[in-house]
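Okay, coords_18.cif now, which holds mmCIF, C-alpha atoms; chains and numbers go by the auth columns:
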data_target
loop_
_atom_site.group_PDB
_atom_site.id
_atom_site.type_symbol
_atom_site.label_atom_id
_atom_site.label_comp_id
_atom_site.label_asym_id
_atom_site.label_seq_id
_atom_site.Cartn_x
_atom_site.Cartn_y
_atom_site.Cartn_z
_atom_site.B_iso_or_equiv
_atom_site.auth_seq_id
_atom_site.auth_asym_id
ATOM 1 C CA MET A 1 154.532 137.562 82.156 0.00 1 A
ATOM 2 C CA LYS A 2 154.139 134.891 79.539 0.00 2 A
ATOM 3 C CA LEU A 3 152.538 131.617 80.292 0.00 3 A
ATOM 4 C CA LYS A 4 154.163 128.575 78.866 0.00 4 A
ATOM 5 C CA LYS A 5 152.013 126.448 76.699 0.00 5 A
ATOM 6 C CA ILE A 6 151.940 122.959 78.118 0.00 6 A
ATOM 7 C CA LYS A 7 151.917 120.264 75.534 0.00 7 A
ATOM 8 C CA SER A 8 149.627 117.433 76.342 0.00 8 A
ATOM 9 C CA SER A 9 150.987 114.058 75.660 0.00 9 A
ATOM 10 C CA PRO A 10 148.956 111.275 74.068 0.00 10 A
ATOM 11 C CA LYS A 11 149.138 109.396 77.392 0.00 11 A
ATOM 12 C CA ILE A 12 147.441 112.255 79.294 0.00 12 A
ATOM 13 C CA LYS A 13 144.737 112.489 76.626 0.00 13 A
ATOM 14 C CA MET A 14 144.146 108.742 76.880 0.00 14 A
ATOM 15 C CA VAL A 15 143.884 108.870 80.703 0.00 15 A
ATOM 16 C CA VAL A 16 141.430 111.802 80.550 0.00 16 A
ATOM 17 C CA LEU A 17 139.353 109.981 77.914 0.00 17 A
ATOM 18 C CA LEU A 18 139.287 106.806 80.022 0.00 18 A
ATOM 19 C CA VAL A 19 138.239 108.748 83.137 0.00 19 A
ATOM 20 C CA VAL A 20 135.445 110.497 81.199 0.00 20 A
ATOM 21 C CA LEU A 21 134.264 107.175 79.735 0.00 21 A
ATOM 22 C CA LEU A 22 134.362 105.564 83.172 0.00 22 A
ATOM 23 C CA ILE A 23 132.273 108.386 84.659 0.00 23 A
ATOM 24 C CA LEU A 24 129.766 108.247 81.772 0.00 24 A
ATOM 25 C CA GLY A 25 129.563 104.463 82.042 0.00 25 A
ATOM 26 C CA THR A 26 128.903 104.657 85.785 0.00 26 A
ATOM 27 C CA LEU A 27 126.191 107.284 85.271 0.00 27 A
ATOM 28 C CA LEU A 28 124.533 105.188 82.564 0.00 28 A
ATOM 29 C CA VAL A 29 124.553 102.040 84.710 0.00 29 A
ATOM 30 C CA LYS A 30 123.176 103.854 87.776 0.00 30 A
ATOM 31 C CA ASN A 31 120.517 105.632 85.698 0.00 31 A
ATOM 32 C CA LYS A 32 119.749 102.964 83.113 0.00 32 A
ATOM 33 C CA ASN A 33 116.030 103.306 83.885 0.00 33 A
ATOM 34 C CA LEU A 34 116.184 106.702 82.175 0.00 34 A
ATOM 35 C CA PHE A 35 116.784 104.852 78.920 0.00 35 A
ATOM 36 C CA VAL A 36 115.751 101.215 79.391 0.00 36 A
ATOM 37 C CA VAL A 37 112.599 100.220 81.304 0.00 37 A
ATOM 38 C CA ALA A 38 112.778 96.458 80.846 0.00 38 A
ATOM 39 C CA SER A 39 114.704 93.669 79.199 0.00 39 A
ATOM 40 C CA VAL A 40 113.220 90.706 77.336 0.00 40 A
ATOM 41 C CA ASN A 41 115.664 87.872 76.759 0.00 41 A
ATOM 42 C CA GLY A 42 118.470 90.402 76.671 0.00 42 A
ATOM 43 C CA SER A 43 116.671 92.800 74.300 0.00 43 A
ATOM 44 C CA PRO A 44 116.042 96.262 75.804 0.00 44 A
ATOM 45 C CA VAL A 45 112.629 97.873 76.022 0.00 45 A
ATOM 46 C CA TRP A 46 113.371 101.561 75.591 0.00 46 A
ATOM 47 C CA ARG A 47 111.742 104.259 77.704 0.00 47 A
ATOM 48 C CA TRP A 48 110.636 106.208 74.616 0.00 48 A
ATOM 49 C CA THR A 49 108.720 103.106 73.403 0.00 49 A
ATOM 50 C CA LEU A 50 106.874 102.965 76.719 0.00 50 A
ATOM 51 C CA GLU A 51 106.153 106.678 76.661 0.00 51 A
ATOM 52 C CA GLN A 52 104.855 106.570 73.069 0.00 52 A
ATOM 53 C CA LYS A 53 102.504 103.706 73.908 0.00 53 A
ATOM 54 C CA LEU A 54 101.230 105.404 77.073 0.00 54 A
ATOM 55 C CA VAL A 55 100.669 108.687 75.262 0.00 55 A
ATOM 56 C CA SER A 56 98.837 107.000 72.388 0.00 56 A
ATOM 57 C CA ARG A 57 96.530 105.132 74.778 0.00 57 A
ATOM 58 C CA TYR A 58 95.972 107.494 77.690 0.00 58 A
ATOM 59 C CA ALA A 59 96.978 111.018 76.667 0.00 59 A
ATOM 60 C CA ASP A 60 93.473 112.435 76.083 0.00 60 A
ATOM 61 C CA GLN A 61 92.054 110.984 79.288 0.00 61 A
ATOM 62 C CA THR A 62 95.049 112.091 81.342 0.00 62 A
ATOM 63 C CA ILE A 63 95.111 115.595 79.868 0.00 63 A
ATOM 64 C CA ASP A 64 91.377 115.959 80.572 0.00 64 A
ATOM 65 C CA GLU A 65 91.928 114.819 84.153 0.00 65 A
ATOM 66 C CA ILE A 66 94.800 117.242 84.705 0.00 66 A
ATOM 67 C CA THR A 67 93.007 120.203 83.108 0.00 67 A
ATOM 68 C CA SER A 68 89.926 119.437 85.224 0.00 68 A
ATOM 69 C CA GLU A 69 92.015 119.493 88.386 0.00 69 A
ATOM 70 C CA VAL A 70 93.614 122.789 87.343 0.00 70 A
ATOM 71 C CA LEU A 71 90.203 124.332 86.553 0.00 71 A
ATOM 72 C CA ILE A 72 88.804 123.370 89.947 0.00 72 A
ATOM 73 C CA ALA A 73 91.903 124.637 91.767 0.00 73 A
ATOM 74 C CA GLN A 74 91.788 127.941 89.847 0.00 74 A
ATOM 75 C CA ALA A 75 88.075 128.441 90.568 0.00 75 A
ATOM 76 C CA ALA A 76 88.572 127.660 94.248 0.00 76 A
ATOM 77 C CA LYS A 77 91.499 130.068 94.496 0.00 77 A
ATOM 78 C CA SER A 78 89.541 132.855 92.797 0.00 78 A
ATOM 79 C CA LYS A 79 86.668 132.323 95.262 0.00 79 A
ATOM 80 C CA GLY A 80 88.986 132.006 98.273 0.00 80 A
ATOM 81 C CA VAL A 81 87.842 128.441 98.933 0.00 81 A
ATOM 82 C CA THR A 82 90.208 125.948 100.561 0.00 82 A
ATOM 83 C CA ALA A 83 90.147 122.360 101.778 0.00 83 A
ATOM 84 C CA THR A 84 91.972 121.690 105.029 0.00 84 A
ATOM 85 C CA THR A 85 94.022 118.631 105.861 0.00 85 A
ATOM 86 C CA ALA A 86 91.554 117.869 108.662 0.00 86 A
ATOM 87 C CA GLU A 87 88.616 117.888 106.209 0.00 87 A
ATOM 88 C CA VAL A 88 90.442 115.527 103.858 0.00 88 A
ATOM 89 C CA SER A 89 91.416 113.235 106.762 0.00 89 A
ATOM 90 C CA GLN A 90 87.805 113.140 107.979 0.00 90 A
ATOM 91 C CA LYS A 91 86.558 112.071 104.535 0.00 91 A
ATOM 92 C CA ILE A 92 89.196 109.322 104.431 0.00 92 A
ATOM 93 C CA THR A 93 88.100 108.155 107.883 0.00 93 A
ATOM 94 C CA ASP A 94 84.485 108.083 106.633 0.00 94 A
ATOM 95 C CA ILE A 95 85.533 105.969 103.640 0.00 95 A
ATOM 96 C CA GLU A 96 87.425 103.566 105.895 0.00 96 A
ATOM 97 C CA LYS A 97 84.354 103.218 108.120 0.00 97 A
ATOM 98 C CA SER A 98 82.137 102.536 105.108 0.00 98 A
ATOM 99 C CA LEU A 99 84.372 99.581 104.173 0.00 99 A
ATOM 100 C CA ASN A 100 83.281 97.922 107.469 0.00 100 A
ATOM 101 C CA GLY A 101 86.625 96.175 107.835 0.00 101 A
ATOM 102 C CA LYS A 102 85.835 93.977 104.816 0.00 102 A
ATOM 103 C CA ILE A 103 88.794 95.382 102.955 0.00 103 A
ATOM 104 C CA ILE A 104 91.660 97.662 103.941 0.00 104 A
ATOM 105 C CA LEU A 105 91.560 101.049 102.232 0.00 105 A
ATOM 106 C CA LYS A 106 95.115 100.636 100.967 0.00 106 A
ATOM 107 C CA ASP A 107 94.137 97.353 99.290 0.00 107 A
ATOM 108 C CA ALA A 108 90.985 98.896 97.800 0.00 108 A
ATOM 109 C CA LEU A 109 93.049 101.745 96.369 0.00 109 A
ATOM 110 C CA SER A 110 95.621 99.325 94.996 0.00 110 A
ATOM 111 C CA GLN A 111 92.862 97.415 93.178 0.00 111 A
ATOM 112 C CA GLN A 112 91.851 100.702 91.553 0.00 112 A
ATOM 113 C CA GLY A 113 95.445 101.540 90.624 0.00 113 A
ATOM 114 C CA MET A 114 95.457 104.458 93.060 0.00 114 A
ATOM 115 C CA THR A 115 97.700 105.600 95.870 0.00 115 A
ATOM 116 C CA MET A 116 96.701 107.300 99.117 0.00 116 A
ATOM 117 C CA GLU A 117 98.044 110.544 97.648 0.00 117 A
ATOM 118 C CA ASP A 118 95.739 110.122 94.622 0.00 118 A
ATOM 119 C CA LEU A 119 92.780 109.647 96.949 0.00 119 A
ATOM 120 C CA GLN A 120 93.720 112.681 99.044 0.00 120 A
ATOM 121 C CA ASN A 121 93.940 114.827 95.890 0.00 121 A
ATOM 122 C CA GLN A 122 90.549 113.608 94.655 0.00 122 A
ATOM 123 C CA ILE A 123 88.941 114.241 98.024 0.00 123 A
ATOM 124 C CA LYS A 124 90.456 117.715 98.176 0.00 124 A
ATOM 125 C CA LEU A 125 88.977 118.534 94.757 0.00 125 A
ATOM 126 C CA GLN A 126 85.614 117.129 95.849 0.00 126 A
ATOM 127 C CA ILE A 127 85.626 119.276 98.986 0.00 127 A
ATOM 128 C CA LEU A 128 86.505 122.363 96.952 0.00 128 A
ATOM 129 C CA MET A 129 83.640 121.664 94.528 0.00 129 A
ATOM 130 C CA GLU A 130 81.197 121.063 97.378 0.00 130 A
ATOM 131 C CA LYS A 131 82.182 124.323 99.069 0.00 131 A
ATOM 132 C CA MET A 132 81.865 126.289 95.829 0.00 132 A
ATOM 133 C CA THR A 133 78.336 124.934 95.253 0.00 133 A
ATOM 134 C CA GLU A 134 77.240 125.100 98.893 0.00 134 A
ATOM 135 C CA GLY A 135 73.683 126.297 99.369 0.00 135 A
ATOM 136 C CA GLN A 136 72.651 125.539 95.789 0.00 136 A
ATOM 137 C CA VAL A 137 70.889 122.274 96.650 0.00 137 A
ATOM 138 C CA VAL A 138 67.328 122.724 97.874 0.00 138 A
ATOM 139 C CA VAL A 139 65.057 119.733 98.474 0.00 139 A
ATOM 140 C CA SER A 140 61.323 120.048 98.907 0.00 140 A
ATOM 141 C CA ASP A 141 59.070 117.789 100.983 0.00 141 A
ATOM 142 C CA GLN A 142 57.294 116.826 97.764 0.00 142 A
ATOM 143 C CA GLU A 143 60.557 115.559 96.235 0.00 143 A
ATOM 144 C CA VAL A 144 61.184 113.423 99.328 0.00 144 A
ATOM 145 C CA SER A 145 57.613 112.067 99.195 0.00 145 A
ATOM 146 C CA ASP A 146 57.951 111.278 95.488 0.00 146 A
ATOM 147 C CA TYR A 147 61.228 109.473 96.122 0.00 147 A
ATOM 148 C CA LEU A 148 59.642 107.456 98.957 0.00 148 A
ATOM 149 C CA GLU A 149 56.715 106.501 96.757 0.00 149 A
ATOM 150 C CA ASN A 150 58.870 105.448 93.786 0.00 150 A
ATOM 151 C CA ASN A 151 61.790 103.824 95.618 0.00 151 A
ATOM 152 C CA LYS A 152 60.397 102.352 98.834 0.00 152 A
ATOM 153 C CA SER A 153 61.716 98.881 97.947 0.00 153 A
ATOM 154 C CA LEU A 154 65.269 100.232 97.666 0.00 154 A
ATOM 155 C CA LEU A 155 65.344 101.706 101.167 0.00 155 A
ATOM 156 C CA ILE A 156 67.109 99.901 103.990 0.00 156 A
ATOM 157 C CA SER A 157 65.121 101.466 106.816 0.00 157 A
ATOM 158 C CA THR A 158 61.711 100.125 107.798 0.00 158 A
ATOM 159 C CA GLU A 159 60.602 102.741 110.344 0.00 159 A
ATOM 160 C CA GLU A 160 58.681 105.695 108.838 0.00 160 A
ATOM 161 C CA GLY A 161 60.936 108.488 110.166 0.00 161 A
ATOM 162 C CA ALA A 162 64.143 106.674 109.228 0.00 162 A
ATOM 163 C CA MET A 163 62.760 105.952 105.755 0.00 163 A
ATOM 164 C CA LYS A 164 61.999 109.620 105.282 0.00 164 A
ATOM 165 C CA GLU A 165 65.556 110.588 106.351 0.00 165 A
ATOM 166 C CA GLU A 166 67.054 107.975 104.051 0.00 166 A
ATOM 167 C CA ALA A 167 64.904 109.225 101.163 0.00 167 A
ATOM 168 C CA LYS A 168 65.863 112.835 101.878 0.00 168 A
ATOM 169 C CA LYS A 169 69.561 111.916 101.914 0.00 169 A
ATOM 170 C CA ALA A 170 69.175 110.099 98.593 0.00 170 A
ATOM 171 C CA VAL A 171 67.442 113.105 97.016 0.00 171 A
ATOM 172 C CA VAL A 172 70.038 115.525 98.427 0.00 172 A
ATOM 173 C CA ASP A 173 72.901 113.337 97.173 0.00 173 A
ATOM 174 C CA SER A 174 71.340 113.073 93.729 0.00 174 A
ATOM 175 C CA LYS A 175 70.756 116.819 93.464 0.00 175 A
ATOM 176 C CA LYS A 176 74.225 117.542 94.846 0.00 176 A
ATOM 177 C CA SER A 177 75.765 115.327 92.150 0.00 177 A
ATOM 178 C CA ALA A 178 73.752 117.065 89.459 0.00 178 A
ATOM 179 C CA THR A 179 74.751 120.477 90.829 0.00 179 A
ATOM 180 C CA LEU A 180 78.436 119.522 90.906 0.00 180 A
ATOM 181 C CA ARG A 181 78.269 118.189 87.325 0.00 181 A
ATOM 182 C CA GLN A 182 76.583 121.375 86.126 0.00 182 A
ATOM 183 C CA PHE A 183 79.036 123.581 88.001 0.00 183 A
ATOM 184 C CA PHE A 184 81.961 121.758 86.407 0.00 184 A
ATOM 185 C CA THR A 185 80.337 121.807 82.941 0.00 185 A
ATOM 186 C CA ASP A 186 79.876 125.585 83.242 0.00 186 A
ATOM 187 C CA LEU A 187 83.424 126.010 84.523 0.00 187 A
ATOM 188 C CA LYS A 188 84.819 124.033 81.598 0.00 188 A
ATOM 189 C CA ALA A 189 82.652 125.900 79.064 0.00 189 A
ATOM 190 C CA LYS A 190 84.062 129.242 80.241 0.00 190 A
ATOM 191 C CA ALA A 191 87.679 128.045 80.224 0.00 191 A
ATOM 192 C CA LYS A 192 90.124 128.340 77.367 0.00 192 A
ATOM 193 C CA ILE A 193 91.824 124.958 77.135 0.00 193 A
ATOM 194 C CA SER A 194 94.390 124.211 74.458 0.00 194 A
ATOM 195 C CA LYS A 195 95.809 120.732 73.919 0.00 195 A
ATOM 196 C CA TYR A 196 99.083 120.198 72.108 0.00 196 A
ATOM 197 C CA LEU A 197 99.197 116.420 71.782 0.00 197 A
#
Rewrite the structure of this file - the entire thing - as structure tokens.
Amino acid sequence: MKLKKIKSSPKIKMVVLLVVLLILGTLLVKNKNLFVVASVNGSPVWRWTLEQKLVSRYADQTIDEITSEVLIAQAAKSKGVTATTAEVSQKITDIEKSLNGKIILKDALSQQGMTMEDLQNQIKLQILMEKMTEGQVVVSDQEVSDYLENNKSLLISTEEGAMKEEAKKAVVDSKKSATLRQFFTDLKAKAKISKYL
């Protein structure tokens, strides 16, 4: 059975072309932000201009941040370490309490250019790092005594026992920070990181 070849008339071609142009035009209008990010007195600011400027200014910092997050996540996974939603929520609650109602957490994050999701991700990474370095911080009585002697004027507490606890916490926090920095430095030194920008 032979199929007849249908000749298309110029009118049909014109209608099809108009329909295609109408569809493309509608897609462009609805998705103009894919191409144009702003308009200044009628002149477009193209997305690629924005992206070039952002890459030239922030690429190294952003790539370092992303690779750091990946390194920590990989190390935690290899050690079977996880951070639960409850642990992250507790840390956020602690942060909110530390603000003493002077500022709302959401506002504080906004001032830093962060979202709640950004904070949750940072806290999760912090918890993972703390768990991977757990037990590595040891503080001696002599270190606490030395801290008390050298930093008594910085302490809030006035009662002897409370001062000692405050000093011990300060020493632990300082050593914990140093341990976390060293852990991350070692992790980064062992990693093979290639940048392509």
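Taking CA of Lys152 in chain A as the reference point, CA of Glu96 in chain A is found at 28.0 Å.
Coordinates place CA of Ile123 in chain A at a distance of 16.9 Å from CA of Phe183 in chain A.
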Between A:Ala167, A:Leu128, A:Met14, A:Val139, which is the closest to Ile72 in chain A once you count only C-alpha atoms? A:Leu128
Hey, can you check how far CA of Ala38 in chain A sits from CA of Leu54 in chain A? 15.1 Å
Dig up all the protein and nucleic acid residues within 10 Å of (90.8, 110.0, 98.9) in the file frame, using only C-alpha atoms, and format them as a ChimeraX atom specification. /A:88-89,91-93,95,105,109,114-126
Restricting the output to C-alpha atoms, write the selected residues as a compact mmCIF listing (two decimals), in the frame of the given file.
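Generated output (again_3.txt):
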# COMPACT_ATOMS: atom_id res chain seq x y z
CA VAL A 88 90.44 115.53 103.86
CA SER A 89 91.42 113.24 106.76
CA LYS A 91 86.56 112.07 104.54
CA ILE A 92 89.20 109.32 104.43
CA THR A 93 88.10 108.16 107.88
CA ILE A 95 85.53 105.97 103.64
CA LEU A 105 91.56 101.05 102.23
CA LEU A 109 93.05 101.74 96.37
CA MET A 114 95.46 104.46 93.06
CA THR A 115 97.70 105.60 95.87
CA MET A 116 96.70 107.30 99.12
CA GLU A 117 98.04 110.54 97.65
CA ASP A 118 95.74 110.12 94.62
CA LEU A 119 92.78 109.65 96.95
CA GLN A 120 93.72 112.68 99.04
CA ASN A 121 93.94 114.83 95.89
CA GLN A 122 90.55 113.61 94.66
CA ILE A 123 88.94 114.24 98.02
CA LYS A 124 90.46 117.72 98.18
CA LEU A 125 88.98 118.53 94.76
CA GLN A 126 85.61 117.13 95.85
Which of A:Ser68, A:Thr26, A:Gln52, A:Thr179 sits closest to Gly135 in chain A [using all atoms listed in the file]: A:Thr179
I want to know what sits within 12 Å of Asn151 in chain A, based on all atoms listed in the file, with residues of the same chain fewer than 4 positions away left out; could you give that as a ChimeraX atom specification? /A:143-147,155-157,163-164,166-168,170-171
Centre, x/y/z edge lengths, axis-aligned box for range 120-125 of chain A with 8 Å per side, as JSON:
{"center_x": 91.4, "center_y": 115.6, "center_z": 96.8, "size_x": 21.0, "size_y": 21.9, "size_z": 20.4}
Considering all atoms listed in the file, return as a tab-separated table (two decimals) with C-alpha atoms, in the coordinates of the input whatever protein or nucleic-acid residues lie within 10 Å of Thr82 in chain A, sequence-local ones (same chain, fewer than 5 positions apart) excluded.
chain	number	residue	atom	x	y	z
A	73	ALA	CA	91.90	124.64	91.77
A	76	ALA	CA	88.57	127.66	94.25
A	77	LYS	CA	91.50	130.07	94.50
A	87	GLU	CA	88.62	117.89	106.21
A	124	LYS	CA	90.46	117.72	98.18
A	125	LEU	CA	88.98	118.53	94.76
A	127	ILE	CA	85.63	119.28	98.99
A	128	LEU	CA	86.50	122.36	96.95
A	129	MET	CA	83.64	121.66	94.53
A	131	LYS	CA	82.18	124.32	99.07
A	132	MET	CA	81.86	126.29	95.83
Can you turn the PyMOL selection byres ((chain A and resi 191) around 12) into a concrete residue list for this file, as a ChimeraX atom specification? /A:67-68,70-72,74-75,184-190,192-194
